[in-house]
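Peer 1: Dropping in start19.csv, which is CSV, N, CA and C atoms:
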chain,number,residue,atom,x,y,z
A,247,MET,N,-68.5,68.0,87.1
A,247,MET,CA,-68.1,67.1,88.2
A,247,MET,C,-67.0,66.1,87.6
A,248,ASN,N,-65.9,66.0,88.3
A,248,ASN,CA,-64.9,65.1,87.8
A,248,ASN,C,-65.3,63.7,88.1
A,249,THR,N,-64.6,62.8,87.4
A,249,THR,CA,-65.0,61.3,87.4
A,249,THR,C,-64.8,60.7,88.8
A,250,ALA,N,-63.8,61.1,89.5
A,250,ALA,CA,-63.6,60.5,90.9
A,250,ALA,C,-64.8,60.9,91.8
A,251,ILE,N,-65.2,62.1,91.7
A,251,ILE,CA,-66.4,62.6,92.5
A,251,ILE,C,-67.6,61.8,92.1
A,252,LYS,N,-67.8,61.6,90.8
A,252,LYS,CA,-69.0,60.9,90.3
A,252,LYS,C,-69.0,59.5,90.8
A,253,ILE,N,-67.8,58.8,90.8
A,253,ILE,CA,-67.7,57.4,91.3
A,253,ILE,C,-68.1,57.4,92.8
A,254,LYS,N,-67.5,58.3,93.5
A,254,LYS,CA,-67.7,58.4,95.0
A,254,LYS,C,-69.2,58.6,95.3
A,255,THR,N,-69.8,59.6,94.6
A,255,THR,CA,-71.2,60.0,94.8
A,255,THR,C,-72.1,58.8,94.5
A,256,LEU,N,-71.9,58.2,93.3
A,256,LEU,CA,-72.8,57.1,93.0
A,256,LEU,C,-72.7,55.9,94.0
A,257,CYS,N,-71.5,55.6,94.4
A,257,CYS,CA,-71.3,54.5,95.3
A,257,CYS,C,-72.0,54.9,96.7
A,258,CYS,N,-71.7,56.1,97.2
A,258,CYS,CA,-72.3,56.5,98.5
A,258,CYS,C,-73.8,56.5,98.4
A,259,ASN,N,-74.4,56.8,97.3
A,259,ASN,CA,-75.8,56.9,97.2
A,259,ASN,C,-76.5,55.5,97.1
A,260,SER,N,-75.7,54.5,96.8
A,260,SER,CA,-76.3,53.1,96.5
A,260,SER,C,-75.8,52.1,97.5
A,261,ILE,N,-74.7,52.3,98.2
A,261,ILE,CA,-74.1,51.3,99.1
A,261,ILE,C,-73.9,51.9,100.4
A,262,ASN,N,-74.2,51.2,101.5
A,262,ASN,CA,-74.0,51.7,102.8
A,262,ASN,C,-72.5,51.5,103.2
A,263,ILE,N,-71.8,52.6,102.9
A,263,ILE,CA,-70.3,52.6,103.0
A,263,ILE,C,-69.8,53.0,104.3
A,264,ASN,N,-68.8,52.3,104.8
A,264,ASN,CA,-68.1,52.7,106.0
A,264,ASN,C,-66.9,53.5,105.6
A,265,SER,N,-66.3,53.2,104.5
A,265,SER,CA,-65.1,53.9,104.0
A,265,SER,C,-65.0,53.8,102.5
A,266,ILE,N,-64.6,54.9,101.8
A,266,ILE,CA,-64.4,54.8,100.4
A,266,ILE,C,-63.2,55.7,100.0
A,267,ASP,N,-62.4,55.2,99.1
A,267,ASP,CA,-61.3,55.9,98.5
A,267,ASP,C,-61.3,55.7,97.0
A,268,VAL,N,-61.3,56.8,96.3
A,268,VAL,CA,-61.3,56.8,94.8
A,268,VAL,C,-60.0,57.5,94.4
A,269,ILE,N,-59.1,56.8,93.8
A,269,ILE,CA,-57.8,57.3,93.4
A,269,ILE,C,-57.6,57.4,91.9
A,270,ASN,N,-57.4,58.5,91.4
A,270,ASN,CA,-57.1,58.7,90.0
A,270,ASN,C,-55.6,58.3,89.7
A,271,GLU,N,-55.4,57.1,89.0
A,271,GLU,CA,-54.1,56.6,88.8
A,271,GLU,C,-53.7,56.8,87.3
A,272,SER,N,-54.4,57.7,86.6
A,272,SER,CA,-54.1,57.9,85.2
A,272,SER,C,-52.6,58.3,85.0
A,273,HIS,N,-52.1,59.1,85.9
A,273,HIS,CA,-50.7,59.6,85.8
A,273,HIS,C,-49.7,58.4,85.8
A,274,LEU,N,-50.1,57.3,86.3
A,274,LEU,CA,-49.2,56.1,86.3
A,274,LEU,C,-49.2,55.3,85.0
A,275,HIS,N,-50.0,55.8,84.1
A,275,HIS,CA,-50.1,55.1,82.8
A,275,HIS,C,-49.8,56.0,81.6
A,276,ASN,N,-49.9,55.5,80.5
A,276,ASN,CA,-49.6,56.3,79.3
A,276,ASN,C,-50.8,57.1,78.9
A,277,ALA,N,-51.0,58.1,79.7
A,277,ALA,CA,-52.2,59.0,79.5
A,277,ALA,C,-51.8,60.4,79.5
A,278,SER,N,-52.5,61.3,78.9
A,278,SER,CA,-52.2,62.7,78.8
A,278,SER,C,-52.4,63.4,80.2
A,279,LEU,N,-51.8,64.5,80.4
A,279,LEU,CA,-51.9,65.3,81.6
A,279,LEU,C,-53.3,65.5,81.9
A,280,ASN,N,-53.7,65.4,83.2
A,280,ASN,CA,-55.1,65.6,83.7
A,280,ASN,C,-56.1,64.6,83.2
A,281,SER,N,-55.6,63.5,82.7
A,281,SER,CA,-56.5,62.4,82.2
A,281,SER,C,-57.3,61.8,83.4
A,282,GLU,N,-58.5,61.3,83.0
A,282,GLU,CA,-59.3,60.6,84.0
A,282,GLU,C,-59.7,59.2,83.3
A,283,THR,N,-58.6,58.4,83.2
A,283,THR,CA,-58.8,57.1,82.5
A,283,THR,C,-58.6,55.9,83.4
A,284,HIS,N,-57.8,56.0,84.4
A,284,HIS,CA,-57.5,54.8,85.3
A,284,HIS,C,-57.8,55.2,86.8
A,285,PHE,N,-58.6,54.3,87.4
A,285,PHE,CA,-59.0,54.6,88.8
A,285,PHE,C,-58.8,53.4,89.7
A,286,LYS,N,-58.5,53.6,90.9
A,286,LYS,CA,-58.5,52.5,91.9
A,286,LYS,C,-59.6,52.9,92.9
A,287,LEU,N,-60.5,51.9,93.3
A,287,LEU,CA,-61.6,52.1,94.1
A,287,LEU,C,-61.5,51.2,95.3
A,288,ILE,N,-61.4,51.7,96.5
A,288,ILE,CA,-61.4,50.9,97.7
A,288,ILE,C,-62.6,51.2,98.5
A,289,ILE,N,-63.4,50.2,98.7
A,289,ILE,CA,-64.7,50.4,99.5
A,289,ILE,C,-64.7,49.4,100.7
A,290,VAL,N,-65.0,49.9,101.8
A,290,VAL,CA,-65.3,49.1,103.0
A,290,VAL,C,-66.8,49.2,103.3
A,291,ALA,N,-67.6,48.1,103.2
A,291,ALA,CA,-69.0,48.2,103.4
A,291,ALA,C,-69.5,46.9,103.9
A,292,ASP,N,-70.3,46.9,105.0
A,292,ASP,CA,-70.9,45.7,105.5
A,292,ASP,C,-72.0,45.2,104.6
A,293,ASP,N,-72.4,46.0,103.6
A,293,ASP,CA,-73.4,45.5,102.6
A,293,ASP,C,-72.7,44.3,101.8
A,294,PHE,N,-71.4,44.2,101.9
A,294,PHE,CA,-70.7,43.1,101.2
A,294,PHE,C,-70.7,41.8,102.0
A,295,VAL,N,-71.2,41.8,103.2
A,295,VAL,CA,-71.2,40.6,104.0
A,295,VAL,C,-72.0,39.5,103.3
A,296,GLY,N,-71.4,38.3,103.2
A,296,GLY,CA,-72.2,37.2,102.6
A,296,GLY,C,-72.1,37.2,101.1
A,297,LEU,N,-71.5,38.2,100.5
A,297,LEU,CA,-71.4,38.2,99.0
A,297,LEU,C,-70.0,37.8,98.6
A,298,LYS,N,-70.0,36.9,97.5
A,298,LYS,CA,-68.7,36.5,96.9
A,298,LYS,C,-68.1,37.7,96.2
A,299,LEU,N,-66.8,37.7,96.0
A,299,LEU,CA,-66.1,38.8,95.4
A,299,LEU,C,-66.8,39.2,94.0
A,300,ILE,N,-67.1,38.2,93.2
A,300,ILE,CA,-67.7,38.5,91.9
A,300,ILE,C,-69.1,39.2,92.1
A,301,GLU,N,-69.8,38.8,93.1
A,301,GLU,CA,-71.1,39.4,93.4
A,301,GLU,C,-70.9,40.9,93.8
A,302,ARG,N,-69.9,41.2,94.6
A,302,ARG,CA,-69.5,42.5,95.0
A,302,ARG,C,-69.2,43.4,93.7
A,303,HIS,N,-68.4,42.8,92.9
A,303,HIS,CA,-68.0,43.5,91.7
A,303,HIS,C,-69.2,43.8,90.8
A,304,LYS,N,-70.1,42.8,90.7
A,304,LYS,CA,-71.3,43.0,89.9
A,304,LYS,C,-72.1,44.2,90.4
A,305,GLU,N,-72.3,44.2,91.7
A,305,GLU,CA,-73.0,45.3,92.4
A,305,GLU,C,-72.4,46.7,92.1
A,306,VAL,N,-71.1,46.8,92.2
A,306,VAL,CA,-70.5,48.1,91.9
A,306,VAL,C,-70.6,48.4,90.5
A,307,HIS,N,-70.4,47.4,89.6
A,307,HIS,CA,-70.6,47.7,88.1
A,307,HIS,C,-71.9,48.2,87.8
A,308,LYS,N,-73.0,47.7,88.5
A,308,LYS,CA,-74.3,48.2,88.2
A,308,LYS,C,-74.5,49.6,88.7
A,309,VAL,N,-73.9,50.0,89.8
A,309,VAL,CA,-73.9,51.3,90.3
A,309,VAL,C,-73.2,52.3,89.4
A,310,LEU,N,-72.1,51.8,88.8
A,310,LEU,CA,-71.2,52.7,88.0
A,310,LEU,C,-71.4,52.6,86.5
A,311,ALA,N,-72.5,51.9,86.1
A,311,ALA,CA,-72.7,51.6,84.7
A,311,ALA,C,-72.4,52.8,83.8
A,312,GLY,N,-73.0,54.0,84.0
A,312,GLY,CA,-72.8,55.1,83.1
A,312,GLY,C,-71.4,55.6,83.1
A,313,VAL,N,-70.7,55.5,84.2
A,313,VAL,CA,-69.3,56.1,84.4
A,313,VAL,C,-68.3,55.1,83.7
A,314,LEU,N,-68.5,53.8,83.8
A,314,LEU,CA,-67.5,52.9,83.3
A,314,LEU,C,-67.3,53.0,81.8
A,315,ASP,N,-68.3,53.5,81.1
A,315,ASP,CA,-68.2,53.7,79.6
A,315,ASP,C,-67.2,54.8,79.3
A,316,ASN,N,-66.8,55.6,80.2
A,316,ASN,CA,-66.0,56.8,80.0
A,316,ASN,C,-64.6,56.6,80.5
A,317,ILE,N,-64.3,55.5,81.1
A,317,ILE,CA,-62.9,55.3,81.6
A,317,ILE,C,-62.3,54.0,81.1
A,318,HIS,N,-61.0,53.9,81.1
A,318,HIS,CA,-60.3,52.8,80.6
A,318,HIS,C,-60.2,51.6,81.6
A,319,ALA,N,-59.9,51.9,82.8
A,319,ALA,CA,-59.7,50.9,83.8
A,319,ALA,C,-60.2,51.3,85.2
A,320,LEU,N,-60.7,50.3,85.9
A,320,LEU,CA,-61.1,50.5,87.3
A,320,LEU,C,-60.7,49.3,88.1
A,321,SER,N,-59.7,49.5,89.0
A,321,SER,CA,-59.3,48.5,89.9
A,321,SER,C,-60.1,48.6,91.2
A,322,MET,N,-60.8,47.5,91.6
A,322,MET,CA,-61.7,47.5,92.7
A,322,MET,C,-61.2,46.6,93.9
A,323,HIS,N,-61.1,47.1,95.0
A,323,HIS,CA,-60.8,46.4,96.3
A,323,HIS,C,-62.0,46.6,97.2
A,324,LEU,N,-62.8,45.5,97.4
A,324,LEU,CA,-64.1,45.6,98.0
A,324,LEU,C,-64.1,44.7,99.3
A,325,PHE,N,-64.2,45.3,100.4
A,325,PHE,CA,-64.1,44.6,101.7
A,325,PHE,C,-65.3,44.8,102.6
A,326,THR,N,-65.5,43.9,103.5
A,326,THR,CA,-66.4,44.1,104.7
A,326,THR,C,-65.5,44.7,105.7
A,327,SER,N,-66.1,45.3,106.8
A,327,SER,CA,-65.2,45.9,107.8
A,327,SER,C,-64.3,44.9,108.4
A,328,GLU,N,-64.7,43.7,108.7
A,328,GLU,CA,-63.9,42.6,109.3
A,328,GLU,C,-62.7,42.3,108.3
A,329,GLU,N,-63.0,42.1,107.0
A,329,GLU,CA,-62.0,41.8,106.1
A,329,GLU,C,-60.9,42.9,106.0
A,330,PHE,N,-61.4,44.1,106.0
A,330,PHE,CA,-60.5,45.2,105.9
A,330,PHE,C,-59.6,45.3,107.1
A,331,GLU,N,-60.1,45.1,108.3
A,331,GLU,CA,-59.3,45.0,109.5
A,331,GLU,C,-58.2,44.0,109.5
A,332,ASN,N,-58.6,42.8,108.9
A,332,ASN,CA,-57.6,41.7,108.8
A,332,ASN,C,-56.8,41.7,107.6
A,333,ASN,N,-57.0,42.7,106.7
A,333,ASN,CA,-56.3,42.7,105.4
A,333,ASN,C,-54.8,43.0,105.6
A,334,LYS,N,-54.0,42.1,105.1
A,334,LYS,CA,-52.5,42.3,105.2
A,334,LYS,C,-51.9,42.5,103.8
A,335,SER,N,-52.8,42.5,102.8
A,335,SER,CA,-52.3,42.6,101.4
A,335,SER,C,-51.9,44.0,101.1
A,336,ASP,N,-51.1,44.2,100.1
A,336,ASP,CA,-50.6,45.5,99.6
A,336,ASP,C,-51.6,46.0,98.6
A,337,LEU,N,-52.2,47.2,98.9
A,337,LEU,CA,-53.2,47.8,98.0
A,337,LEU,C,-52.5,48.7,97.0
A,338,GLU,N,-51.2,48.8,97.0
A,338,GLU,CA,-50.5,49.6,96.0
A,338,GLU,C,-50.6,49.0,94.6
A,339,SER,N,-50.8,49.9,93.6
A,339,SER,CA,-50.9,49.5,92.2
A,339,SER,C,-49.5,49.3,91.6
A,340,PRO,N,-49.4,48.3,90.8
A,340,PRO,CA,-48.1,48.1,90.1
A,340,PRO,C,-47.9,49.2,89.0
A,341,GLN,N,-46.6,49.3,88.7
A,341,GLN,CA,-46.3,50.3,87.6
A,341,GLN,C,-46.8,49.8,86.3
A,342,CYS,N,-47.3,50.7,85.5
A,342,CYS,CA,-47.8,50.3,84.1
A,342,CYS,C,-46.6,50.0,83.2
A,343,VAL,N,-46.6,48.9,82.5
A,343,VAL,CA,-45.5,48.6,81.6
A,343,VAL,C,-45.5,49.5,80.3
A,344,ASN,N,-46.6,50.2,80.0
A,344,ASN,CA,-46.7,51.0,78.8
A,344,ASN,C,-46.5,52.5,79.1
A,345,LYS,N,-46.1,52.8,80.4
A,345,LYS,CA,-45.9,54.2,80.7
A,345,LYS,C,-44.7,54.7,80.0
A,346,LYS,N,-44.8,55.9,79.4
A,346,LYS,CA,-43.6,56.5,78.7
A,346,LYS,C,-42.9,57.5,79.6
Would you put the structure from the file into C-alpha cells?
Peer 2:
Amino acid sequence: MNTAIKIKTLCCNSININSIDVINESHLHNASLNSETHFKLIIVADDFVGLKLIERHKEVHKVLAGVLDNIHALSMHLFTSEEFENNKSDLESPQCVNKK
C-alpha cells in the first residue's frame, strides 16, 4: 500500500471526516522519481470543532504515528466544515528552494 493511501486510511478510520485530500508533493522537492517523502494533507472534519490548531495537529500526529517515521514532511491543513466554507487562504504549496 502506498503512503498516501495509508495516510488516508488511517485518518478515515480514526476521525469522522467530511473531506480528505492527500497529495504527494515529493516531485516538488529534491527527491528521486516516485518518491514518497513530502505530503500535503487537507482534512475537513467536524471532530475538530472546539479544538485549537495545535490540538488538531496532535490528534492527526497520533493517528499517523507509524507513517510519520517514514516520510520527510507533512503539511497539514485541518478545518471544520464552517472554517473550510469560509476559507479564503491559498492552499497551494510554495516551491521548494532545494529543488534541482
Peer 1: Of the candidates A:Asn332, A:Val295, A:Thr249, A:Asn262, which shows the shortest atom-to-atom distance to His318 of chain A, using only C-alpha atoms?
Peer 2: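 That would be A:Thr249, the residue with the smallest distance to His318 of chain A.
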Peer 1: I need the residue nearest Cys257 of chain A from this list: A:Ala319, A:Gly312, A:Phe325, A:Val306. Use all atoms listed in the file for the distance.
Peer 2: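 Smallest separation from Cys257 of chain A among the options: A:Val306.
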Peer 1: Work out how far atom C of Thr326 of chain A is from atom CA of Leu256 of chain A, in Å to one decimal.
Peer 2: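 Taking atom CA of Leu256 of chain A as the start and atom C of Thr326 of chain A as the end point, the length is 19.2 Å.
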Peer 1: Can you pull out the residues contacting Ala250 of chain A? Cut-off 8 Å, using only C-alpha atoms, and skip same-chain residues under 2 positions away; I want them as a PyMOL selection string.
Peer 2: chain A and resi 248+252-254+268-270+285
Peer 1: Could you work out how far atom N of Ile266 of chain A lies from atom CA of Leu287 of chain A, giving the answer in Å with one decimal?
Peer 2: 8.7 Å
Peer 1: Check chain A with DSSP on the backbone and list each residue it calls strand (DSSP E), as a PDB file with N, CA and C atoms, keeping the file's coordinate frame.
Peer 2:
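And here is the file that came out, selection29.pdb:
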ATOM      1  N   SER A 265     -66.300  53.200 104.500  1.00  0.00           N
ATOM      2  CA  SER A 265     -65.100  53.900 104.000  1.00  0.00           C
ATOM      3  C   SER A 265     -65.000  53.800 102.500  1.00  0.00           C
ATOM      4  N   ILE A 266     -64.600  54.900 101.800  1.00  0.00           N
ATOM      5  CA  ILE A 266     -64.400  54.800 100.400  1.00  0.00           C
ATOM      6  C   ILE A 266     -63.200  55.700 100.000  1.00  0.00           C
ATOM      7  N   ASP A 267     -62.400  55.200  99.100  1.00  0.00           N
ATOM      8  CA  ASP A 267     -61.300  55.900  98.500  1.00  0.00           C
ATOM      9  C   ASP A 267     -61.300  55.700  97.000  1.00  0.00           C
ATOM     10  N   VAL A 268     -61.300  56.800  96.300  1.00  0.00           N
ATOM     11  CA  VAL A 268     -61.300  56.800  94.800  1.00  0.00           C
ATOM     12  C   VAL A 268     -60.000  57.500  94.400  1.00  0.00           C
ATOM     13  N   ILE A 269     -59.100  56.800  93.800  1.00  0.00           N
ATOM     14  CA  ILE A 269     -57.800  57.300  93.400  1.00  0.00           C
ATOM     15  C   ILE A 269     -57.600  57.400  91.900  1.00  0.00           C
ATOM     16  N   ASN A 270     -57.400  58.500  91.400  1.00  0.00           N
ATOM     17  CA  ASN A 270     -57.100  58.700  90.000  1.00  0.00           C
ATOM     18  C   ASN A 270     -55.600  58.300  89.700  1.00  0.00           C
ATOM     19  N   HIS A 284     -57.800  56.000  84.400  1.00  0.00           N
ATOM     20  CA  HIS A 284     -57.500  54.800  85.300  1.00  0.00           C
ATOM     21  C   HIS A 284     -57.800  55.200  86.800  1.00  0.00           C
ATOM     22  N   PHE A 285     -58.600  54.300  87.400  1.00  0.00           N
ATOM     23  CA  PHE A 285     -59.000  54.600  88.800  1.00  0.00           C
ATOM     24  C   PHE A 285     -58.800  53.400  89.700  1.00  0.00           C
ATOM     25  N   LYS A 286     -58.500  53.600  90.900  1.00  0.00           N
ATOM     26  CA  LYS A 286     -58.500  52.500  91.900  1.00  0.00           C
ATOM     27  C   LYS A 286     -59.600  52.900  92.900  1.00  0.00           C
ATOM     28  N   LEU A 287     -60.500  51.900  93.300  1.00  0.00           N
ATOM     29  CA  LEU A 287     -61.600  52.100  94.100  1.00  0.00           C
ATOM     30  C   LEU A 287     -61.500  51.200  95.300  1.00  0.00           C
ATOM     31  N   ILE A 288     -61.400  51.700  96.500  1.00  0.00           N
ATOM     32  CA  ILE A 288     -61.400  50.900  97.700  1.00  0.00           C
ATOM     33  C   ILE A 288     -62.600  51.200  98.500  1.00  0.00           C
ATOM     34  N   ILE A 289     -63.400  50.200  98.700  1.00  0.00           N
ATOM     35  CA  ILE A 289     -64.700  50.400  99.500  1.00  0.00           C
ATOM     36  C   ILE A 289     -64.700  49.400 100.700  1.00  0.00           C
ATOM     37  N   VAL A 290     -65.000  49.900 101.800  1.00  0.00           N
ATOM     38  CA  VAL A 290     -65.300  49.100 103.000  1.00  0.00           C
ATOM     39  C   VAL A 290     -66.800  49.200 103.300  1.00  0.00           C
ATOM     40  N   ALA A 319     -59.900  51.900  82.800  1.00  0.00           N
ATOM     41  CA  ALA A 319     -59.700  50.900  83.800  1.00  0.00           C
ATOM     42  C   ALA A 319     -60.200  51.300  85.200  1.00  0.00           C
ATOM     43  N   LEU A 320     -60.700  50.300  85.900  1.00  0.00           N
ATOM     44  CA  LEU A 320     -61.100  50.500  87.300  1.00  0.00           C
ATOM     45  C   LEU A 320     -60.700  49.300  88.100  1.00  0.00           C
ATOM     46  N   SER A 321     -59.700  49.500  89.000  1.00  0.00           N
ATOM     47  CA  SER A 321     -59.300  48.500  89.900  1.00  0.00           C
ATOM     48  C   SER A 321     -60.100  48.600  91.200  1.00  0.00           C
ATOM     49  N   MET A 322     -60.800  47.500  91.600  1.00  0.00           N
ATOM     50  CA  MET A 322     -61.700  47.500  92.700  1.00  0.00           C
ATOM     51  C   MET A 322     -61.200  46.600  93.900  1.00  0.00           C
ATOM     52  N   HIS A 323     -61.100  47.100  95.000  1.00  0.00           N
ATOM     53  CA  HIS A 323     -60.800  46.400  96.300  1.00  0.00           C
ATOM     54  C   HIS A 323     -62.000  46.600  97.200  1.00  0.00           C
ATOM     55  N   LEU A 324     -62.800  45.500  97.400  1.00  0.00           N
ATOM     56  CA  LEU A 324     -64.100  45.600  98.000  1.00  0.00           C
ATOM     57  C   LEU A 324     -64.100  44.700  99.300  1.00  0.00           C
ATOM     58  N   PHE A 325     -64.200  45.300 100.400  1.00  0.00           N
ATOM     59  CA  PHE A 325     -64.100  44.600 101.700  1.00  0.00           C
ATOM     60  C   PHE A 325     -65.300  44.800 102.600  1.00  0.00           C
TER      61      PHE A 325
END
Peer 1: Work out how far apart atom CA of Ser327 of chain A and atom N of Leu297 of chain A are and give it in Å to one decimal.
Peer 2: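 Spanning atom CA of Ser327 of chain A to atom N of Leu297 of chain A is a straight-line distance of 12.3 Å.
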Peer 1: When you count all atoms listed in the file, which of these residues is closest to Ala291 of chain A: A:Leu274, A:Leu324, A:Val309, A:Cys258?
Peer 2: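 Between A:Leu274, A:Leu324, A:Val309, A:Cys258, the residue approaching Ala291 of chain A most closely is A:Leu324.
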Peer 1: Which residue gives the smallest distance to Ile317 of chain A among A:Asn259, A:Asn264, A:Glu271, A:Thr283, with only N, CA and C atoms counted?
Peer 2: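 Of all the options, A:Thr283 lies closest to Ile317 of chain A.
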Peer 1: What would segment 280-289 of chain A look like if you wrote it out as a PDB file, in the first residue's frame, with all heavy atoms included, from the block I just posted?
Peer 2:
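Produced file result04.pdb, reproduced below:
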ATOM      1  N   ASN A 280       9.347   8.945  -8.210  1.00  0.00           N
ATOM      2  CA  ASN A 280       8.433   8.048  -7.477  1.00  0.00           C
ATOM      3  C   ASN A 280       8.642   8.055  -5.968  1.00  0.00           C
ATOM      4  O   ASN A 280       8.251   7.105  -5.285  1.00  0.00           O
ATOM      5  CB  ASN A 280       8.519   6.615  -8.011  1.00  0.00           C
ATOM      6  CG  ASN A 280       8.138   6.523  -9.463  1.00  0.00           C
ATOM      7  OD1 ASN A 280       7.195   7.182  -9.905  1.00  0.00           O
ATOM      8  ND2 ASN A 280       8.864   5.736 -10.222  1.00  0.00           N
ATOM      9  N   SER A 281       9.258   9.102  -5.446  1.00  0.00           N
ATOM     10  CA  SER A 281       9.465   9.203  -4.001  1.00  0.00           C
ATOM     11  C   SER A 281       8.150   9.440  -3.276  1.00  0.00           C
ATOM     12  O   SER A 281       7.190   9.963  -3.832  1.00  0.00           O
ATOM     13  CB  SER A 281      10.415  10.358  -3.681  1.00  0.00           C
ATOM     14  OG  SER A 281      11.713  10.049  -4.084  1.00  0.00           O
ATOM     15  N   GLU A 282       8.141   9.070  -2.021  1.00  0.00           N
ATOM     16  CA  GLU A 282       7.013   9.326  -1.128  1.00  0.00           C
ATOM     17  C   GLU A 282       7.573   9.953   0.142  1.00  0.00           C
ATOM     18  O   GLU A 282       7.605   9.349   1.204  1.00  0.00           O
ATOM     19  CB  GLU A 282       6.271   8.032  -0.818  1.00  0.00           C
ATOM     20  CG  GLU A 282       5.597   7.424  -2.029  1.00  0.00           C
ATOM     21  CD  GLU A 282       4.783   6.200  -1.677  1.00  0.00           C
ATOM     22  OE1 GLU A 282       5.304   5.334  -0.941  1.00  0.00           O
ATOM     23  OE2 GLU A 282       3.648   6.123  -2.137  1.00  0.00           O
ATOM     24  N   THR A 283       8.040  11.200  -0.013  1.00  0.00           N
ATOM     25  CA  THR A 283       8.727  11.871   1.089  1.00  0.00           C
ATOM     26  C   THR A 283       8.017  13.113   1.610  1.00  0.00           C
ATOM     27  O   THR A 283       8.191  13.485   2.758  1.00  0.00           O
ATOM     28  CB  THR A 283      10.143  12.289   0.653  1.00  0.00           C
ATOM     29  OG1 THR A 283      10.036  13.138  -0.497  1.00  0.00           O
ATOM     30  CG2 THR A 283      10.994  11.074   0.311  1.00  0.00           C
ATOM     31  N   HIS A 284       7.248  13.782   0.756  1.00  0.00           N
ATOM     32  CA  HIS A 284       6.597  15.048   1.105  1.00  0.00           C
ATOM     33  C   HIS A 284       5.110  14.959   0.763  1.00  0.00           C
ATOM     34  O   HIS A 284       4.751  14.681  -0.385  1.00  0.00           O
ATOM     35  CB  HIS A 284       7.203  16.204   0.310  1.00  0.00           C
ATOM     36  CG  HIS A 284       8.637  16.470   0.631  1.00  0.00           C
ATOM     37  ND1 HIS A 284       9.671  15.643   0.216  1.00  0.00           N
ATOM     38  CD2 HIS A 284       9.223  17.482   1.317  1.00  0.00           C
ATOM     39  CE1 HIS A 284      10.819  16.135   0.636  1.00  0.00           C
ATOM     40  NE2 HIS A 284      10.571  17.252   1.309  1.00  0.00           N
ATOM     41  N   PHE A 285       4.263  15.235   1.755  1.00  0.00           N
ATOM     42  CA  PHE A 285       2.815  15.147   1.542  1.00  0.00           C
ATOM     43  C   PHE A 285       2.110  16.376   2.086  1.00  0.00           C
ATOM     44  O   PHE A 285       2.561  16.999   3.045  1.00  0.00           O
ATOM     45  CB  PHE A 285       2.243  13.905   2.239  1.00  0.00           C
ATOM     46  CG  PHE A 285       2.662  12.626   1.590  1.00  0.00           C
ATOM     47  CD1 PHE A 285       3.831  11.989   1.973  1.00  0.00           C
ATOM     48  CD2 PHE A 285       1.901  12.062   0.582  1.00  0.00           C
ATOM     49  CE1 PHE A 285       4.239  10.812   1.374  1.00  0.00           C
ATOM     50  CE2 PHE A 285       2.298  10.886  -0.032  1.00  0.00           C
ATOM     51  CZ  PHE A 285       3.467  10.263   0.363  1.00  0.00           C
ATOM     52  N   LYS A 286       0.983  16.682   1.443  1.00  0.00           N
ATOM     53  CA  LYS A 286       0.072  17.711   1.943  1.00  0.00           C
ATOM     54  C   LYS A 286      -1.227  17.002   2.292  1.00  0.00           C
ATOM     55  O   LYS A 286      -1.743  16.212   1.502  1.00  0.00           O
ATOM     56  CB  LYS A 286      -0.181  18.800   0.913  1.00  0.00           C
ATOM     57  CG  LYS A 286      -1.196  19.818   1.397  1.00  0.00           C
ATOM     58  CD  LYS A 286      -1.313  21.091   0.576  1.00  0.00           C
ATOM     59  CE  LYS A 286      -1.308  20.907  -0.891  1.00  0.00           C
ATOM     60  NZ  LYS A 286      -1.489  22.177  -1.613  1.00  0.00           N
ATOM     61  N   LEU A 287      -1.758  17.281   3.477  1.00  0.00           N
ATOM     62  CA  LEU A 287      -2.973  16.662   3.973  1.00  0.00           C
ATOM     63  C   LEU A 287      -3.992  17.761   4.255  1.00  0.00           C
ATOM     64  O   LEU A 287      -3.719  18.683   5.024  1.00  0.00           O
ATOM     65  CB  LEU A 287      -2.664  15.867   5.245  1.00  0.00           C
ATOM     66  CG  LEU A 287      -3.816  15.236   5.998  1.00  0.00           C
ATOM     67  CD1 LEU A 287      -4.527  14.211   5.118  1.00  0.00           C
ATOM     68  CD2 LEU A 287      -3.307  14.582   7.274  1.00  0.00           C
ATOM     69  N   ILE A 288      -5.133  17.663   3.608  1.00  0.00           N
ATOM     70  CA  ILE A 288      -6.229  18.606   3.849  1.00  0.00           C
ATOM     71  C   ILE A 288      -7.398  17.789   4.379  1.00  0.00           C
ATOM     72  O   ILE A 288      -7.891  16.882   3.698  1.00  0.00           O
ATOM     73  CB  ILE A 288      -6.635  19.349   2.559  1.00  0.00           C
ATOM     74  CG1 ILE A 288      -5.438  20.085   1.963  1.00  0.00           C
ATOM     75  CG2 ILE A 288      -7.786  20.325   2.857  1.00  0.00           C
ATOM     76  CD1 ILE A 288      -5.667  20.618   0.557  1.00  0.00           C
ATOM     77  N   ILE A 289      -7.807  18.093   5.600  1.00  0.00           N
ATOM     78  CA  ILE A 289      -8.929  17.386   6.220  1.00  0.00           C
ATOM     79  C   ILE A 289      -9.990  18.396   6.639  1.00  0.00           C
ATOM     80  O   ILE A 289      -9.678  19.418   7.261  1.00  0.00           O
ATOM     81  CB  ILE A 289      -8.497  16.573   7.462  1.00  0.00           C
ATOM     82  CG1 ILE A 289      -7.519  15.468   7.086  1.00  0.00           C
ATOM     83  CG2 ILE A 289      -9.721  15.993   8.179  1.00  0.00           C
ATOM     84  CD1 ILE A 289      -7.008  14.665   8.271  1.00  0.00           C
TER      85      ILE A 289
END
